[in-house]
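In what follows, a structure is listed as C-alpha cells, so that the remarks can point back to it.
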Amino acid sequence: MSVLVASLENQTGDPVMGELAELALGIGIESSGFINVMPRVAVRTAAGLAPNAILDTAGAKRLALNEGVDVVLSGRIEPARGGYRLRIVAEAGKVIDGAPLFDFQRELPPDDRLLVALGQLAAEIRAAFGDQEAQPTRIRANEALSFSSLQSARGYVAALQHVRLGQPDAALAQLDVLTSLAQLAC
C-alpha cells in the first residue's frame with residue numbers, strides 16, 4: 001500500500017510543528033511491512049514544489065491520482081488544552097471525491113511525550129490499514145521518531161528546512177546547537 005502524507009495545516013504558531021508531526025507519522029506508518037510512504041523529496045519533485053512550500057490536501061489528491069498512490073493522509077495540528085490537537089484524515093488516492101477511509105482526532109501532550117503520542121497515533125493508523133502487528137499502546141523503537149527531547153526533534157526539523165532552502169551554514173549551526181545540547185545531557 002502506498003501512502004502520501006500531505007502537509008499538515010499547522011495552526012500552532014510553531015513553524016516546525018507541522019513538519020515534525022508529518023515526519024513522525026511517516027516514520028511510524030512506514031514501520032509496517034506493507035505500507036510505503038512516498039518520500040518527501042519525491043513528493044516535492046513530482047508536485048513541482050518550491051523547497052519549503054506546502055502540499056495542501058487538494059494538491060496531494062491530484063498528485064496521488066497522477067502517481068497511482070493508494071491513500072492520502074492530510075489534516076491539521078492546532079493548540080488545545082496546553083498541548084495540541086491533531087486531526088488526520090485518510091482518503092483514497094485514486095479517486096477525486098469520496099468518503100474518508102477514516103478520520104482520527106487526538107489530543108497530544110505539549111512536552112517530550114509528544115513524540116511517543118505521535119508514534120502511538122501512527123500505530124493506530126497502521127491498524128486502521130489492517131496491520132495485525134500494530135500495537136498503539138506498545139510501540140517499538142523502529143516505529144517512532146526517536147529523539148531524546150522534543151527540543152532536539154524541533155532542531156532537527158529546523159535544520160532540514162534550512163537544507164531545503166539552500167542554507168547549509170544555517171543548517172550546520174542548528175546541528176551544532178543540537179550537538180551542544182546532547183553533550184550537556186551526558
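Residues in the C-alpha cells are numbered from 1 in each chain, the chains being A, B, ... in the order shown, and ligands are numbered from 1 in the order shown.
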Self-check item: Residues flagged alpha helix (DSSP H) by DSSP in range 18-89 of chain A, as a ChimeraX atom specification
Solution: /A:18-30,40-47,57-67
Let me see the file: selected residues, N, CA, C and O atoms, as a compact mmCIF listing (two decimals), in the first residue's frame.
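After the write, selection.txt holds the following:
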# COMPACT_ATOMS: atom_id res chain seq x y z
N GLY A 18 4.25 21.33 12.31
CA GLY A 18 3.55 20.56 11.28
C GLY A 18 4.45 19.54 10.63
O GLY A 18 4.09 18.36 10.50
N GLU A 19 5.64 19.98 10.24
CA GLU A 19 6.58 19.06 9.59
C GLU A 19 7.09 18.00 10.57
O GLU A 19 7.30 16.85 10.18
N LEU A 20 7.25 18.36 11.82
CA LEU A 20 7.65 17.38 12.83
C LEU A 20 6.61 16.28 12.95
O LEU A 20 6.95 15.09 12.96
N ALA A 21 5.34 16.66 13.00
CA ALA A 21 4.27 15.66 13.09
C ALA A 21 4.21 14.81 11.82
O ALA A 21 4.05 13.58 11.90
N GLU A 22 4.38 15.43 10.65
CA GLU A 22 4.39 14.69 9.37
C GLU A 22 5.51 13.65 9.37
O GLU A 22 5.32 12.50 8.99
N LEU A 23 6.71 14.08 9.78
CA LEU A 23 7.87 13.19 9.80
C LEU A 23 7.65 12.02 10.77
O LEU A 23 7.88 10.87 10.43
N ALA A 24 7.17 12.33 11.97
CA ALA A 24 6.94 11.29 12.97
C ALA A 24 5.88 10.30 12.51
O ALA A 24 6.05 9.08 12.65
N LEU A 25 4.79 10.80 11.93
CA LEU A 25 3.75 9.91 11.44
C LEU A 25 4.25 9.05 10.28
O LEU A 25 3.98 7.85 10.21
N GLY A 26 5.00 9.67 9.36
CA GLY A 26 5.53 8.93 8.21
C GLY A 26 6.43 7.79 8.65
O GLY A 26 6.30 6.66 8.16
N ILE A 27 7.33 8.06 9.58
CA ILE A 27 8.23 7.01 10.08
C ILE A 27 7.44 5.91 10.77
O ILE A 27 7.66 4.72 10.55
N GLY A 28 6.49 6.30 11.61
CA GLY A 28 5.70 5.31 12.33
C GLY A 28 4.83 4.47 11.42
O GLY A 28 4.70 3.26 11.61
N ILE A 29 4.23 5.09 10.42
CA ILE A 29 3.36 4.36 9.49
C ILE A 29 4.18 3.40 8.64
O ILE A 29 3.79 2.26 8.41
N GLU A 30 5.33 3.86 8.17
CA GLU A 30 6.13 3.04 7.27
C GLU A 30 6.81 1.87 7.98
O GLU A 30 7.34 0.97 7.32
N ARG A 40 9.40 12.53 1.05
CA ARG A 40 9.12 13.96 0.91
C ARG A 40 9.84 14.57 -0.29
O ARG A 40 9.29 15.41 -0.99
N VAL A 41 11.07 14.16 -0.55
CA VAL A 41 11.81 14.70 -1.70
C VAL A 41 11.09 14.33 -2.99
O VAL A 41 10.92 15.16 -3.88
N ALA A 42 10.65 13.09 -3.10
CA ALA A 42 9.92 12.65 -4.29
C ALA A 42 8.60 13.40 -4.43
O ALA A 42 8.20 13.76 -5.54
N VAL A 43 7.94 13.65 -3.31
CA VAL A 43 6.67 14.40 -3.33
C VAL A 43 6.92 15.81 -3.85
O VAL A 43 6.22 16.28 -4.75
N ARG A 44 7.92 16.48 -3.31
CA ARG A 44 8.22 17.86 -3.73
C ARG A 44 8.60 17.91 -5.20
O ARG A 44 8.17 18.81 -5.93
N THR A 45 9.39 16.96 -5.67
CA THR A 45 9.81 16.92 -7.07
C THR A 45 8.61 16.66 -7.99
O THR A 45 8.41 17.39 -8.96
N ALA A 46 7.83 15.63 -7.66
CA ALA A 46 6.69 15.27 -8.51
C ALA A 46 5.64 16.38 -8.57
O ALA A 46 5.01 16.60 -9.59
N ALA A 47 5.48 17.10 -7.46
CA ALA A 47 4.49 18.17 -7.40
C ALA A 47 5.04 19.50 -7.93
O ALA A 47 4.29 20.46 -8.07
N THR A 57 -4.16 19.52 0.76
CA THR A 57 -4.91 18.29 0.51
C THR A 57 -5.30 18.14 -0.95
O THR A 57 -5.13 17.06 -1.54
N ALA A 58 -5.79 19.22 -1.57
CA ALA A 58 -6.20 19.15 -2.98
C ALA A 58 -5.01 18.80 -3.87
O ALA A 58 -5.11 17.95 -4.76
N GLY A 59 -3.86 19.43 -3.62
CA GLY A 59 -2.65 19.14 -4.39
C GLY A 59 -2.17 17.71 -4.16
O GLY A 59 -1.74 17.03 -5.09
N ALA A 60 -2.29 17.24 -2.92
CA ALA A 60 -1.88 15.87 -2.60
C ALA A 60 -2.80 14.86 -3.30
O ALA A 60 -2.33 13.84 -3.82
N LYS A 61 -4.09 15.15 -3.36
CA LYS A 61 -5.03 14.26 -4.04
C LYS A 61 -4.72 14.19 -5.54
O LYS A 61 -4.73 13.10 -6.13
N ARG A 62 -4.43 15.35 -6.15
CA ARG A 62 -4.08 15.36 -7.58
C ARG A 62 -2.80 14.56 -7.83
O ARG A 62 -2.72 13.76 -8.76
N LEU A 63 -1.80 14.78 -6.97
CA LEU A 63 -0.53 14.08 -7.11
C LEU A 63 -0.73 12.57 -6.94
O LEU A 63 -0.18 11.77 -7.69
N ALA A 64 -1.52 12.17 -5.94
CA ALA A 64 -1.78 10.75 -5.71
C ALA A 64 -2.46 10.11 -6.91
O ALA A 64 -2.11 9.00 -7.31
N LEU A 65 -3.38 10.82 -7.51
CA LEU A 65 -4.09 10.31 -8.69
C LEU A 65 -3.11 10.13 -9.85
O LEU A 65 -3.10 9.09 -10.51
N ASN A 66 -2.23 11.13 -10.05
CA ASN A 66 -1.24 11.06 -11.13
C ASN A 66 -0.18 9.99 -10.91
O ASN A 66 0.31 9.37 -11.85
N GLU A 67 0.21 9.78 -9.66
CA GLU A 67 1.29 8.85 -9.33
C GLU A 67 0.80 7.46 -8.94
O GLU A 67 1.61 6.58 -8.66
Practice problem: Taking the DSSP assignment computed from this structure's backbone, write out as JSON, numbers by chain all residues of range 18-86 of chain A that belong to strand (DSSP E or B). | Solution: {"A": [36, 37, 71, 72, 73, 74, 75, 76, 77, 78, 79, 80, 83, 84, 85, 86]}
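Neighbouring residues of Gly130 in chain A at 12 Å or closer, counting only C-alpha atoms and skipping chain neighbours under 2 positions away, are Met1, Ile29, Ser32, Gly33, Phe34, Ile35, Ala123, Glu124, Ile125, Arg126, Ala127, Ala128, Gln132, Glu133, Ala134 and Gln135 of chain A.
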Quiz prompt | range 88-95 of chain A environment, 8 Å, only C-alpha atoms, sequence neighbours closer than 3 positions dropped, as a list in words | solution = Lys61, Ala64, Leu65, Gly68, Val69, Asp70, Val71, Val72, Leu73, Ser74, Gly75, Arg76, Gly98, Ala99, Pro100, Leu101, Phe102, Asp103, Phe104 and Gln105 of chain A
So that I have them on file, write out the residues from the current selection with N, CA and C atoms, as a compact mmCIF listing (two decimals), in the first residue's frame.
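Printed below is out02.txt as written:
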# COMPACT_ATOMS: atom_id res chain seq x y z
N LYS A 61 -4.09 15.15 -3.36
CA LYS A 61 -5.03 14.26 -4.04
C LYS A 61 -4.72 14.19 -5.54
N ALA A 64 -1.52 12.17 -5.94
CA ALA A 64 -1.78 10.75 -5.71
C ALA A 64 -2.46 10.11 -6.91
N LEU A 65 -3.38 10.82 -7.51
CA LEU A 65 -4.09 10.31 -8.69
C LEU A 65 -3.11 10.13 -9.85
N GLY A 68 -0.51 7.27 -8.87
CA GLY A 68 -1.06 5.97 -8.52
C GLY A 68 -0.91 5.62 -7.05
N VAL A 69 -0.88 6.62 -6.18
CA VAL A 69 -0.74 6.39 -4.74
C VAL A 69 -2.10 5.97 -4.18
N ASP A 70 -2.09 4.97 -3.31
CA ASP A 70 -3.33 4.39 -2.79
C ASP A 70 -4.09 5.30 -1.81
N VAL A 71 -3.35 5.95 -0.89
CA VAL A 71 -4.00 6.69 0.19
C VAL A 71 -3.31 8.03 0.40
N VAL A 72 -4.12 9.07 0.65
CA VAL A 72 -3.60 10.38 1.03
C VAL A 72 -3.99 10.64 2.48
N LEU A 73 -2.99 11.00 3.29
CA LEU A 73 -3.25 11.43 4.66
C LEU A 73 -3.10 12.94 4.71
N SER A 74 -4.07 13.61 5.29
CA SER A 74 -3.99 15.06 5.45
C SER A 74 -4.56 15.40 6.82
N GLY A 75 -4.46 16.67 7.18
CA GLY A 75 -5.02 17.06 8.46
C GLY A 75 -4.47 18.37 8.95
N ARG A 76 -4.63 18.58 10.24
CA ARG A 76 -4.15 19.83 10.84
C ARG A 76 -3.71 19.57 12.28
N GLY A 98 -14.75 11.28 -2.50
CA GLY A 98 -15.20 10.06 -1.86
C GLY A 98 -15.19 10.23 -0.36
N ALA A 99 -15.83 9.34 0.32
CA ALA A 99 -15.88 9.38 1.78
C ALA A 99 -14.49 9.05 2.34
N PRO A 100 -14.12 9.70 3.44
CA PRO A 100 -12.84 9.36 4.07
C PRO A 100 -12.80 7.89 4.50
N LEU A 101 -11.62 7.31 4.42
CA LEU A 101 -11.41 5.95 4.91
C LEU A 101 -11.47 5.95 6.44
N PHE A 102 -10.89 6.98 7.03
CA PHE A 102 -11.02 7.23 8.47
C PHE A 102 -10.67 8.68 8.75
N ASP A 103 -11.10 9.12 9.94
CA ASP A 103 -10.89 10.50 10.38
C ASP A 103 -10.59 10.43 11.87
N PHE A 104 -9.31 10.55 12.23
CA PHE A 104 -8.90 10.47 13.63
C PHE A 104 -8.63 11.88 14.16
N GLN A 105 -9.04 12.12 15.38
CA GLN A 105 -8.68 13.37 16.06
C GLN A 105 -8.19 13.00 17.45
Quiz item: Which neighbours of range 165-175 of chain A fall inside 10 Å, counting only C-alpha atoms, when residues of the same chain fewer than 4 positions from it are skipped, and could you give them as a PyMOL selection string?
Solution: chain A and resi 50-52+152+155-161+179-181
Store the residues picked out above in a file with all heavy atoms, as a tab-separated table (two decimals), in the first residue's frame.
chain	number	residue	atom	x	y	z
A	50	ALA	N	8.30	24.37	-4.52
A	50	ALA	CA	9.48	25.07	-4.02
A	50	ALA	C	9.93	24.37	-2.74
A	50	ALA	O	9.15	23.64	-2.11
A	50	ALA	CB	9.14	26.53	-3.75
A	51	PRO	N	11.18	24.58	-2.33
A	51	PRO	CA	11.74	23.82	-1.20
A	51	PRO	C	10.89	23.75	0.07
A	51	PRO	O	10.74	22.68	0.64
A	51	PRO	CB	13.07	24.52	-0.93
A	51	PRO	CG	13.47	25.05	-2.25
A	51	PRO	CD	12.18	25.46	-2.93
A	52	ASN	N	10.36	24.85	0.54
A	52	ASN	CA	9.57	24.81	1.78
A	52	ASN	C	8.09	25.06	1.55
A	52	ASN	O	7.37	25.41	2.47
A	52	ASN	CB	10.13	25.79	2.82
A	52	ASN	CG	11.23	25.18	3.65
A	52	ASN	OD1	11.53	24.00	3.53
A	52	ASN	ND2	11.84	25.97	4.49
A	152	SER	N	15.11	18.65	20.71
A	152	SER	CA	16.04	18.07	19.73
A	152	SER	C	15.32	17.78	18.41
A	152	SER	O	15.86	18.04	17.34
A	152	SER	CB	16.64	16.78	20.27
A	152	SER	OG	17.40	17.01	21.41
A	155	GLY	N	14.77	20.96	16.55
A	155	GLY	CA	16.02	21.43	15.96
A	155	GLY	C	16.38	20.67	14.71
A	155	GLY	O	16.85	21.25	13.72
A	156	TYR	N	16.14	19.37	14.71
A	156	TYR	CA	16.41	18.54	13.54
A	156	TYR	C	15.54	18.97	12.36
A	156	TYR	O	16.03	19.13	11.23
A	156	TYR	CB	16.16	17.07	13.88
A	156	TYR	CG	16.29	16.14	12.71
A	156	TYR	CD1	17.53	15.79	12.20
A	156	TYR	CD2	15.17	15.61	12.10
A	156	TYR	CE1	17.65	14.94	11.11
A	156	TYR	CE2	15.27	14.76	11.01
A	156	TYR	CZ	16.51	14.43	10.52
A	156	TYR	OH	16.62	13.60	9.45
A	157	VAL	N	14.26	19.19	12.60
A	157	VAL	CA	13.35	19.61	11.53
A	157	VAL	C	13.75	20.99	11.03
A	157	VAL	O	13.73	21.25	9.82
A	157	VAL	CB	11.88	19.56	12.00
A	157	VAL	CG1	10.95	20.20	10.98
A	157	VAL	CG2	11.46	18.12	12.26
A	158	ALA	N	14.14	21.89	11.92
A	158	ALA	CA	14.59	23.22	11.50
A	158	ALA	C	15.82	23.10	10.61
A	158	ALA	O	15.94	23.81	9.59
A	158	ALA	CB	14.88	24.09	12.72
A	159	ALA	N	16.74	22.21	10.95
A	159	ALA	CA	17.93	22.00	10.12
A	159	ALA	C	17.54	21.48	8.74
A	159	ALA	O	18.08	21.92	7.72
A	159	ALA	CB	18.90	21.04	10.81
A	160	LEU	N	16.58	20.56	8.68
A	160	LEU	CA	16.09	20.06	7.39
A	160	LEU	C	15.52	21.19	6.54
A	160	LEU	O	15.75	21.25	5.32
A	160	LEU	CB	15.01	19.00	7.60
A	160	LEU	CG	15.43	17.63	8.10
A	160	LEU	CD1	14.20	16.76	8.32
A	160	LEU	CD2	16.39	16.98	7.14
A	161	GLN	N	14.79	22.09	7.18
A	161	GLN	CA	14.21	23.22	6.44
A	161	GLN	C	15.30	24.10	5.87
A	161	GLN	O	15.21	24.56	4.73
A	161	GLN	CB	13.26	24.02	7.35
A	161	GLN	CG	12.00	23.26	7.69
A	161	GLN	CD	11.12	23.98	8.69
A	161	GLN	OE1	11.54	24.89	9.40
A	161	GLN	NE2	9.86	23.56	8.76
A	179	THR	N	24.15	19.32	18.91
A	179	THR	CA	25.29	18.60	19.44
A	179	THR	C	25.66	19.11	20.82
A	179	THR	O	25.94	18.34	21.74
A	179	THR	CB	26.51	18.74	18.47
A	179	THR	OG1	26.12	18.24	17.20
A	179	THR	CG2	27.71	17.99	18.99
A	180	SER	N	25.64	20.42	20.99
A	180	SER	CA	25.94	21.02	22.29
A	180	SER	C	24.92	20.57	23.34
A	180	SER	O	25.29	20.25	24.48
A	180	SER	CB	25.94	22.55	22.20
A	180	SER	OG	26.97	22.97	21.34
A	181	LEU	N	23.65	20.55	22.97
A	181	LEU	CA	22.61	20.08	23.89
A	181	LEU	C	22.86	18.63	24.28
A	181	LEU	O	22.69	18.26	25.45
A	181	LEU	CB	21.22	20.24	23.27
A	181	LEU	CG	20.69	21.66	23.14
A	181	LEU	CD1	19.39	21.66	22.33
A	181	LEU	CD2	20.47	22.28	24.51
